[in-house]
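Raw coords23.cif, mmCIF, C-alpha atoms:
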data_final
#
loop_
_atom_site.label_atom_id
_atom_site.label_comp_id
_atom_site.auth_asym_id
_atom_site.auth_seq_id
_atom_site.Cartn_x
_atom_site.Cartn_y
_atom_site.Cartn_z
CA MET A 1 -23.25 -141.72 97.73
CA LYS A 2 -26.55 -141.49 95.85
CA LYS A 3 -24.71 -141.41 92.52
CA PHE A 4 -22.80 -144.53 93.51
CA ILE A 5 -26.00 -146.37 94.42
CA VAL A 6 -27.62 -145.28 91.15
CA LYS A 7 -24.64 -146.62 89.21
CA ILE A 8 -24.84 -149.93 91.04
CA VAL A 9 -28.57 -150.20 90.28
CA ILE A 10 -28.00 -149.32 86.62
CA PHE A 11 -25.32 -152.01 86.44
CA ILE A 12 -27.28 -154.72 88.23
CA LEU A 13 -30.74 -154.11 86.77
CA PRO A 14 -30.01 -155.44 83.24
CA ILE A 15 -28.45 -158.57 84.76
CA LEU A 16 -31.54 -159.16 86.90
CA VAL A 17 -33.84 -158.62 83.91
CA ILE A 18 -31.88 -161.11 81.80
CA ALA A 19 -31.81 -163.63 84.65
CA ALA A 20 -35.56 -163.30 85.27
CA GLY A 21 -36.30 -163.64 81.56
CA LEU A 22 -34.15 -166.76 81.26
CA GLU A 23 -35.74 -168.26 84.38
CA LEU A 24 -39.25 -167.77 82.99
CA ALA A 25 -38.20 -169.08 79.58
CA LEU A 26 -36.68 -172.24 81.09
CA ARG A 27 -39.77 -172.96 83.20
CA ARG A 28 -42.01 -172.80 80.13
CA ILE A 29 -40.06 -175.52 78.32
CA PRO A 30 -41.83 -178.92 78.55
CA ASN A 31 -39.97 -181.45 80.69
CA ILE A 32 -40.63 -184.86 82.18
CA TYR A 33 -41.03 -183.55 85.73
CA LYS A 34 -43.69 -181.03 84.74
CA HIS A 35 -45.42 -183.63 82.56
CA LYS A 36 -45.60 -186.20 85.35
CA ASN A 37 -46.87 -183.71 87.89
CA ASP A 38 -49.61 -182.61 85.46
CA TYR A 39 -50.58 -186.25 84.81
CA LEU A 40 -50.76 -187.08 88.51
CA SER A 41 -52.79 -183.96 89.24
CA ALA A 42 -55.40 -185.16 86.75
CA HIS A 43 -55.25 -188.97 87.00
CA ALA A 44 -53.83 -189.99 90.39
CA GLY A 45 -57.10 -191.63 91.42
CA GLU A 46 -57.05 -193.95 88.37
CA ILE A 47 -53.57 -195.42 88.92
CA GLU A 48 -53.51 -199.08 89.97
CA THR A 49 -49.79 -199.76 89.48
CA LEU A 50 -47.16 -197.14 90.26
CA ILE A 51 -43.52 -197.51 89.20
CA LEU A 52 -40.85 -195.64 91.14
CA GLY A 53 -37.06 -195.59 90.87
CA SER A 54 -34.15 -194.44 88.75
CA SER A 55 -33.14 -194.75 85.09
CA HIS A 56 -33.40 -198.56 85.20
CA THR A 57 -37.18 -198.36 85.51
CA PHE A 58 -37.61 -194.98 83.78
CA TYR A 59 -36.21 -196.48 80.58
CA GLY A 60 -37.06 -200.08 81.45
CA ILE A 61 -40.81 -200.34 82.15
CA ASP A 62 -43.51 -199.09 79.79
CA PRO A 63 -46.93 -198.92 81.50
CA GLN A 64 -48.79 -199.48 78.24
CA PHE A 65 -47.83 -203.17 78.39
CA LEU A 66 -49.37 -203.65 81.84
CA ASP A 67 -52.95 -204.84 82.08
CA SER A 68 -53.67 -202.50 85.01
CA ASP A 69 -53.83 -198.70 84.84
CA ALA A 70 -50.15 -198.01 85.41
CA PHE A 71 -47.91 -194.96 85.56
CA ASN A 72 -44.12 -194.61 85.62
CA LEU A 73 -43.03 -192.02 88.21
CA SER A 74 -39.32 -192.83 88.02
CA HIS A 75 -36.60 -190.43 86.88
CA PRO A 76 -32.90 -190.74 86.02
CA SER A 77 -30.82 -190.81 89.23
CA GLN A 78 -33.90 -190.79 91.47
CA THR A 79 -33.12 -192.30 94.87
CA LEU A 80 -35.23 -193.93 97.58
CA ASP A 81 -35.61 -190.78 99.65
CA ILE A 82 -37.14 -189.00 96.64
CA ASP A 83 -39.35 -192.03 95.91
CA TYR A 84 -40.74 -191.75 99.42
CA LEU A 85 -41.32 -187.99 99.17
CA LEU A 86 -43.23 -188.46 95.91
CA LEU A 87 -45.24 -191.30 97.41
CA LYS A 88 -46.21 -189.19 100.42
CA LYS A 89 -47.20 -186.25 98.21
CA TYR A 90 -49.33 -188.11 95.66
CA GLY A 91 -50.09 -191.45 97.31
CA GLY A 92 -53.03 -190.14 99.29
CA LYS A 93 -54.79 -189.28 96.03
CA MET A 94 -54.22 -192.76 94.56
CA SER A 95 -57.44 -194.36 95.74
CA SER A 96 -57.14 -197.23 93.20
CA LEU A 97 -53.51 -198.10 93.90
CA LYS A 98 -52.89 -201.84 94.27
CA THR A 99 -49.24 -202.37 93.35
CA LEU A 100 -46.09 -200.34 93.92
CA VAL A 101 -42.91 -201.26 92.02
CA VAL A 102 -39.65 -200.20 93.67
CA PRO A 103 -36.37 -201.11 91.95
CA VAL A 104 -33.44 -202.04 94.18
CA SER A 105 -30.37 -201.96 91.94
CA VAL A 106 -26.72 -202.44 92.85
CA PHE A 107 -26.36 -198.76 93.80
CA THR A 108 -29.80 -198.16 95.34
CA LEU A 109 -29.00 -198.68 99.01
CA TYR A 110 -25.84 -196.58 98.88
CA GLY A 111 -27.05 -193.56 96.92
CA ARG A 112 -28.66 -190.20 97.75
CA LEU A 113 -29.45 -187.80 94.94
CA GLY A 114 -28.63 -184.76 97.05
CA THR A 115 -25.04 -185.89 97.63
CA GLY A 116 -24.28 -187.52 94.27
CA VAL A 117 -22.92 -186.28 90.95
CA ALA A 118 -26.47 -185.69 89.68
CA LYS A 119 -27.50 -183.45 92.58
CA TRP A 120 -28.27 -180.70 90.04
CA ARG A 121 -31.49 -182.63 89.38
CA MET A 122 -32.76 -181.88 92.89
CA ASN A 123 -34.25 -178.53 91.95
CA ASN A 124 -36.68 -180.27 89.55
CA TYR A 125 -38.53 -181.78 92.49
CA ALA A 126 -38.89 -178.38 94.15
CA LEU A 127 -39.88 -176.54 90.97
CA TYR A 128 -42.24 -179.05 89.38
CA TYR A 129 -43.43 -181.25 92.26
CA ASP A 130 -43.35 -178.54 94.93
CA ILE A 131 -41.30 -180.83 97.17
CA LYS A 132 -38.73 -179.13 99.37
CA THR A 133 -35.48 -181.01 98.93
CA SER A 134 -33.05 -178.73 100.79
CA ASN A 135 -32.77 -175.45 102.66
CA LYS A 136 -30.93 -173.77 99.81
CA LEU A 137 -32.58 -170.92 97.93
CA GLY A 138 -31.19 -172.26 94.68
CA GLN A 139 -33.57 -175.24 94.66
CA TRP A 140 -36.37 -172.91 93.53
CA PHE A 141 -34.57 -171.58 90.44
CA GLU A 142 -33.69 -173.19 87.11
CA ILE A 143 -30.87 -170.73 86.44
CA LEU A 144 -29.06 -171.68 89.64
CA ALA A 145 -29.13 -175.43 89.03
CA ARG A 146 -26.67 -175.45 86.12
CA LYS A 147 -24.21 -173.16 84.34
CA PHE A 148 -25.51 -170.17 82.38
CA GLN A 149 -24.12 -171.53 79.10
CA PHE A 150 -26.04 -174.79 79.46
CA ASN A 151 -29.30 -173.01 80.29
CA ALA A 152 -28.84 -170.60 77.40
CA GLU A 153 -28.30 -173.53 74.99
CA VAL A 154 -31.44 -175.28 76.28
CA ALA A 155 -33.50 -172.12 75.76
CA PHE A 156 -31.98 -171.57 72.30
CA ASP A 157 -32.71 -175.15 71.22
CA TYR A 158 -36.36 -174.87 72.26
CA TYR A 159 -37.27 -171.32 71.26
CA VAL A 160 -35.07 -170.89 68.18
CA ARG A 161 -34.49 -174.37 66.77
CA GLY A 162 -37.91 -175.65 67.78
CA GLU A 163 -36.58 -178.75 69.51
CA GLU A 164 -39.24 -179.89 71.97
CA GLU A 165 -38.96 -183.66 72.30
CA LEU A 166 -40.28 -184.59 75.74
CA SER A 167 -38.43 -187.93 75.79
CA CYS A 168 -41.13 -189.71 77.76
CA SER A 169 -44.49 -191.24 76.93
CA ASP A 170 -47.82 -190.01 78.25
CA LEU A 171 -47.56 -192.69 80.94
CA GLY A 172 -44.09 -191.64 82.03
CA TRP A 173 -41.79 -194.18 80.33
CA GLY A 174 -38.48 -192.81 79.01
CA THR A 175 -38.47 -193.17 75.22
CA ALA A 176 -34.89 -192.16 74.36
CA TYR A 177 -33.16 -195.58 74.42
CA ARG A 178 -33.87 -196.80 70.91
CA PRO A 179 -32.33 -200.05 69.57
CA GLU A 180 -30.62 -198.25 66.67
CA ASP A 181 -28.71 -196.06 69.15
CA ALA A 182 -27.37 -198.94 71.24
CA LYS A 183 -24.01 -198.51 72.99
CA ASP A 184 -21.05 -200.87 73.03
CA LEU A 185 -22.03 -203.46 75.63
CA VAL A 186 -18.48 -204.21 76.76
CA VAL A 187 -17.44 -200.60 77.25
CA SER A 188 -20.76 -199.59 78.79
CA GLY A 189 -20.68 -202.60 81.11
CA ASP A 190 -17.32 -201.64 82.57
CA ASP A 191 -18.20 -197.95 82.72
CA ALA A 192 -21.53 -198.52 84.48
CA ALA A 193 -20.08 -201.00 86.98
CA LYS A 194 -17.29 -198.54 87.84
CA ARG A 195 -19.78 -195.67 88.21
CA HIS A 196 -22.04 -197.73 90.47
CA CYS A 197 -19.29 -199.14 92.69
CA ASP A 198 -16.57 -196.50 92.65
CA TYR A 199 -16.80 -195.50 96.31
CA ASP A 200 -15.77 -196.81 99.69
CA PHE A 201 -19.04 -198.37 100.80
CA ARG A 202 -17.34 -199.51 104.02
CA SER A 203 -16.78 -195.93 105.14
CA ARG A 204 -18.83 -194.32 107.90
CA GLN A 205 -20.51 -192.03 105.38
CA TYR A 206 -21.84 -194.86 103.24
CA GLU A 207 -22.73 -197.03 106.22
CA ASP A 208 -24.97 -194.17 107.39
CA ILE A 209 -26.49 -193.76 103.92
CA PHE A 210 -27.12 -197.50 103.75
CA ARG A 211 -28.96 -197.52 107.08
CA GLU A 212 -31.03 -194.48 106.09
CA ASN A 213 -31.97 -196.04 102.77
CA VAL A 214 -32.98 -199.37 104.31
CA GLU A 215 -35.12 -197.46 106.81
CA THR A 216 -36.68 -195.47 103.95
CA LEU A 217 -37.39 -198.68 102.08
CA ARG A 218 -39.19 -200.03 105.13
CA LYS A 219 -41.17 -196.79 105.38
CA ILE A 220 -42.29 -197.21 101.79
CA VAL A 221 -43.42 -200.78 102.45
CA SER A 222 -45.12 -199.78 105.74
CA TRP A 223 -46.92 -196.90 104.03
CA SER A 224 -48.16 -199.38 101.44
CA GLU A 225 -49.12 -201.99 104.02
CA ALA A 226 -51.39 -199.50 105.79
CA ARG A 227 -53.23 -198.98 102.48
CA SER A 228 -53.35 -202.65 101.38
CA VAL A 229 -50.91 -201.97 98.54
CA HIS A 230 -48.49 -204.72 97.47
CA VAL A 231 -44.85 -203.70 96.98
CA VAL A 232 -42.64 -205.43 94.40
CA LEU A 233 -38.94 -204.97 95.12
CA LEU A 234 -37.38 -205.44 91.70
CA LEU A 235 -33.83 -206.10 90.53
CA MET A 236 -33.83 -205.29 86.82
CA PRO A 237 -32.00 -207.38 84.20
CA ALA A 238 -28.39 -206.52 83.29
CA TYR A 239 -26.24 -207.77 80.43
CA GLU A 240 -23.41 -210.18 81.19
CA THR A 241 -20.69 -207.58 80.52
CA TYR A 242 -22.03 -205.58 83.46
CA ARG A 243 -22.55 -208.61 85.69
CA THR A 244 -19.05 -209.98 85.07
CA SER A 245 -17.16 -206.68 84.98
CA ALA A 246 -14.09 -206.47 87.21
CA ASN A 247 -15.40 -203.06 88.29
CA LEU A 248 -18.52 -204.53 89.88
CA ASP A 249 -18.23 -205.01 93.64
CA ARG A 250 -19.82 -208.40 94.29
CA GLU A 251 -20.12 -207.69 98.01
CA ILE A 252 -22.31 -204.64 97.33
CA LEU A 253 -24.47 -206.76 95.02
CA ASP A 254 -24.81 -209.55 97.59
CA ILE A 255 -25.70 -207.09 100.37
CA THR A 256 -28.31 -205.46 98.13
CA ILE A 257 -29.92 -208.78 97.21
CA ASP A 258 -29.86 -210.12 100.77
CA THR A 259 -31.32 -206.90 102.19
CA SER A 260 -34.09 -206.84 99.59
CA LYS A 261 -35.00 -210.43 100.45
CA GLU A 262 -34.99 -209.63 104.17
CA VAL A 263 -37.32 -206.66 103.76
CA ALA A 264 -39.65 -208.69 101.53
CA GLU A 265 -39.79 -211.46 104.12
CA GLU A 266 -40.61 -208.99 106.91
CA TYR A 267 -43.86 -207.81 105.32
CA ASP A 268 -46.82 -209.79 104.04
CA ASN A 269 -47.51 -207.12 101.41
CA CYS A 270 -44.03 -207.28 99.88
CA SER A 271 -42.32 -209.60 97.41
CA TYR A 272 -38.92 -209.71 95.71
CA LEU A 273 -38.48 -210.23 91.97
CA ASN A 274 -34.87 -210.78 90.85
CA LEU A 275 -34.42 -210.65 87.05
CA TYR A 276 -30.77 -209.65 87.20
CA GLU A 277 -29.53 -212.76 85.38
CA CYS A 278 -32.76 -213.65 83.59
CA ASP A 279 -31.84 -215.57 80.43
CA ARG A 280 -34.91 -214.34 78.56
CA PHE A 281 -33.07 -211.12 77.81
CA GLU A 282 -30.62 -211.20 74.91
CA MET A 283 -28.01 -208.82 73.52
CA LYS A 284 -30.57 -207.28 71.18
CA ASP A 285 -32.74 -206.26 74.16
CA TYR A 286 -30.17 -203.86 75.64
CA TYR A 287 -29.45 -200.20 74.94
CA ASP A 288 -26.33 -200.43 77.08
CA ALA A 289 -25.16 -203.04 79.56
CA ASP A 290 -27.53 -202.00 82.37
CA HIS A 291 -30.46 -200.45 80.47
CA LEU A 292 -32.99 -202.06 78.16
CA ASN A 293 -33.94 -200.68 74.75
CA HIS A 294 -37.46 -200.54 73.31
CA ASP A 295 -37.45 -204.26 72.46
CA GLY A 296 -36.26 -205.26 75.91
CA VAL A 297 -38.71 -202.87 77.55
CA GLU A 298 -41.71 -204.58 75.98
CA LYS A 299 -40.43 -207.96 77.18
CA MET A 300 -39.67 -206.64 80.68
CA SER A 301 -43.02 -204.87 81.03
CA LYS A 302 -44.98 -207.94 79.98
CA MET A 303 -43.03 -210.09 82.44
CA LEU A 304 -43.81 -207.67 85.24
CA ASP A 305 -47.45 -207.67 84.22
CA ALA A 306 -47.56 -211.48 84.33
CA TYR A 307 -45.92 -211.42 87.77
CA ILE A 308 -48.56 -209.01 89.08
CA ARG A 309 -51.46 -210.90 87.50
CA ASN A 310 -50.15 -214.16 89.01
CA GLN A 311 -50.49 -212.51 92.43
CA TYR A 312 -46.76 -211.84 92.76
CA ARG A 313 -45.63 -215.35 91.99
CA SER A 314 -42.77 -215.79 89.56
CA GLU A 315 -42.83 -218.32 86.74
CA PHE A 316 -39.64 -217.10 85.08
#
Would you write out, as structure tokens, the structure that this file holds?
Amino acid sequence: MKKFIVKIVIFILPILVIAAGLELALRRIPNIYKHKNDYLSAHAGEIETLILGSSHTFYGIDPQFLDSDAFNLSHPSQTLDIDYLLLKKYGGKMSSLKTLVVPVSVFTLYGRLGTGVAKWRMNNYALYYDIKTSNKLGQWFEILARKFQFNAEVAFDYYVRGEEELSCSDLGWGTAYRPEDAKDLVVSGDDAAKRHCDYDFRSRQYEDIFRENVETLRKIVSWSEARSVHVVLLLMPAYETYRTSANLDREILDITIDTSKEVAEEYDNCSYLNLYECDRFEMKDYYDADHLNHDGVEKMSKMLDAYIRNQYRSEF
């Protein structure tokens, strides 16, 4: 029996050593989650405008173009429940906070990161923000979030090839969507609309998610109201090929817009800014049909800044 146990240990030990080494190596690689946590740990008290949300704001709003001290705390695929967890964790340290920007896109009220196709991102919030996102042990390990081959390639690219592009600015804006890399706006419009609306939003599951998200949105606004912080509910611009795509469910869009307006009307500290069809944005401003490129980002950020400086009154 002892010999059998020894053989098992001899077999397992190298695997554990390799796994532990890969885990440590992956955690040392710079990433946007670690960067943003480090920034907030050092500068939370200076932030006057905080931007939450998903890829639409991560790639779409650059804090450097805002007159206030701003920071972009959004991430690709980030949903309202995660926004609220981040706000509760860091908001108490933001003694200068005056404005909170919360995007409400077509998919926002029907999505939860933990149940979507990008749920592998959940472990980043546990590892780098120390926010418990589930009861699963795997949330605390990089190597359990994705396949071994993917993790090995990431480690190889960083440690062997020397690739270490962070893909976000010091202030948290996603820098990857350059104009020269723009996607086909027709294809990307149909693809994005299908991805955002390809579910039965009338089902019991999505009705429950919708109610939970609306309640979370109200919690965010209420949290802000108690601290005299104004909340801007923002619908980001989209190119016409996305807006007119046959894959886009107009009922979902209408419900999202109507609900955003209702929440904004319920609270004195909340306003709604709808730039979805804003004609100031041209083809050259888009990376793909529902994301802005660097040129569009500067325009969008300056418009948001003007809206804030005009005390949340739109002149667009």
Residue members of the PyMOL selection byres ((chain A and resi 316) around 12) in the file shown, as an NGL selection string: :A and (273-281 or 300 or 302-304 or 306-307 or 310 or 312-315)
For Arg146 of chain A, the nearest of the candidates A:Ser167, A:Leu97, A:His291, A:Asn124, counting all atoms listed in the file: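 Residue with the minimum atom-to-atom distance to Arg146 of chain A: A:Asn124.
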Between atom CA of Leu52 of chain A and atom CA of Ser74 of chain A, distance in Å (one decimal): 4.5 Å
Which of A:Thr57, A:Ser169, A:Thr115, A:Thr79 sits closest to His35 of chain A [using only C-alpha atoms]: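 Nearest candidate to His35 of chain A out of A:Thr57, A:Ser169, A:Thr115, A:Thr79: A:Ser169.
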Just the residues within 12 Å of Leu26 of chain A, please, counting only C-alpha atoms, with nothing from its chain fewer than 2 positions along; format it as a tab-separated table (two decimals) with C-alpha atoms, keeping the file's coordinate frame.
chain	number	residue	atom	x	y	z
A	19	ALA	CA	-31.81	-163.63	84.65
A	20	ALA	CA	-35.56	-163.30	85.27
A	21	GLY	CA	-36.30	-163.64	81.56
A	22	LEU	CA	-34.15	-166.76	81.26
A	23	GLU	CA	-35.74	-168.26	84.38
A	24	LEU	CA	-39.25	-167.77	82.99
A	28	ARG	CA	-42.01	-172.80	80.13
A	29	ILE	CA	-40.06	-175.52	78.32
A	30	PRO	CA	-41.83	-178.92	78.55
A	31	ASN	CA	-39.97	-181.45	80.69
A	34	LYS	CA	-43.69	-181.03	84.74
A	124	ASN	CA	-36.68	-180.27	89.55
A	127	LEU	CA	-39.88	-176.54	90.97
A	141	PHE	CA	-34.57	-171.58	90.44
A	142	GLU	CA	-33.69	-173.19	87.11
A	143	ILE	CA	-30.87	-170.73	86.44
A	144	LEU	CA	-29.06	-171.68	89.64
A	145	ALA	CA	-29.13	-175.43	89.03
A	146	ARG	CA	-26.67	-175.45	86.12
A	148	PHE	CA	-25.51	-170.17	82.38
A	150	PHE	CA	-26.04	-174.79	79.46
A	151	ASN	CA	-29.30	-173.01	80.29
A	152	ALA	CA	-28.84	-170.60	77.40
A	153	GLU	CA	-28.30	-173.53	74.99
A	154	VAL	CA	-31.44	-175.28	76.28
A	155	ALA	CA	-33.50	-172.12	75.76
A	156	PHE	CA	-31.98	-171.57	72.30
A	157	ASP	CA	-32.71	-175.15	71.22
A	158	TYR	CA	-36.36	-174.87	72.26
A	159	TYR	CA	-37.27	-171.32	71.26
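Proximity to Gly116 of chain A was assessed for A:Tyr206, A:Trp223, A:Tyr286, A:Tyr267 counting all atoms listed in the file; the smallest distance is recorded for A:Tyr206.
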Which neighbours of Leu235 of chain A fall inside 12 Å, counting only C-alpha atoms, when residues of the same chain fewer than 6 positions from it are skipped, and could you give them as an mmCIF file with C-alpha atoms, in the coordinates of the input?
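Below is the file that was written, selection37.cif:
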data_model
loop_
_atom_site.group_PDB
_atom_site.id
_atom_site.type_symbol
_atom_site.label_atom_id
_atom_site.label_comp_id
_atom_site.auth_asym_id
_atom_site.auth_seq_id
_atom_site.Cartn_x
_atom_site.Cartn_y
_atom_site.Cartn_z
ATOM 1 C CA GLY A 53 -37.060 -195.590 90.870
ATOM 2 C CA SER A 54 -34.150 -194.440 88.750
ATOM 3 C CA HIS A 56 -33.400 -198.560 85.200
ATOM 4 C CA THR A 57 -37.180 -198.360 85.510
ATOM 5 C CA GLY A 60 -37.060 -200.080 81.450
ATOM 6 C CA VAL A 101 -42.910 -201.260 92.020
ATOM 7 C CA VAL A 102 -39.650 -200.200 93.670
ATOM 8 C CA PRO A 103 -36.370 -201.110 91.950
ATOM 9 C CA VAL A 104 -33.440 -202.040 94.180
ATOM 10 C CA SER A 105 -30.370 -201.960 91.940
ATOM 11 C CA VAL A 106 -26.720 -202.440 92.850
ATOM 12 C CA PHE A 107 -26.360 -198.760 93.800
ATOM 13 C CA THR A 108 -29.800 -198.160 95.340
ATOM 14 C CA LEU A 253 -24.470 -206.760 95.020
ATOM 15 C CA ASP A 254 -24.810 -209.550 97.590
ATOM 16 C CA THR A 256 -28.310 -205.460 98.130
ATOM 17 C CA ILE A 257 -29.920 -208.780 97.210
ATOM 18 C CA ASP A 258 -29.860 -210.120 100.770
ATOM 19 C CA THR A 259 -31.320 -206.900 102.190
ATOM 20 C CA SER A 260 -34.090 -206.840 99.590
ATOM 21 C CA LYS A 261 -35.000 -210.430 100.450
ATOM 22 C CA SER A 271 -42.320 -209.600 97.410
ATOM 23 C CA TYR A 272 -38.920 -209.710 95.710
ATOM 24 C CA LEU A 273 -38.480 -210.230 91.970
ATOM 25 C CA ASN A 274 -34.870 -210.780 90.850
ATOM 26 C CA LEU A 275 -34.420 -210.650 87.050
ATOM 27 C CA TYR A 276 -30.770 -209.650 87.200
ATOM 28 C CA GLU A 277 -29.530 -212.760 85.380
ATOM 29 C CA CYS A 278 -32.760 -213.650 83.590
ATOM 30 C CA ASP A 290 -27.530 -202.000 82.370
ATOM 31 C CA MET A 300 -39.670 -206.640 80.680
ATOM 32 C CA LEU A 304 -43.810 -207.670 85.240
#
Residues returned when the PyMOL selection byres ((chain A and resi 129) around 9) runs on this file, as a PyMOL selection string: chain A and resi 33-34+36-37+86+89+124-128+130-132
Residues within 9 Å of Met283 of chain A, all atoms listed in the file, excluding chain neighbours under 4 positions, as a ChimeraX atom specification: /A:185,239,287,289
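Here the question is which of A:His294, A:Arg309, A:Arg250, A:Lys194 gets nearest to Glu180 of chain A using all atoms listed in the file, and that residue is A:His294.
Atom to atom, atom CA of Trp173 of chain A and atom CA of Ile209 of chain A stand 28.1 Å apart.
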Best match for closeness to Leu109 of chain A among A:Val214, A:Ile82, A:Leu87, A:Leu234, counting only C-alpha atoms: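 Looking at the shortest contact to Leu109 of chain A, the residue is A:Val214.
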Atomic separation - atom CA of Asn213 of chain A relative to atom CA of Leu80 of chain A, Å: 6.5 Å
The PyMOL selection byres ((chain A and resi 63-73) around 6) resolved against shown file, as a ChimeraX atom specification: /A:47-52,62,74,171-173,301-302,305
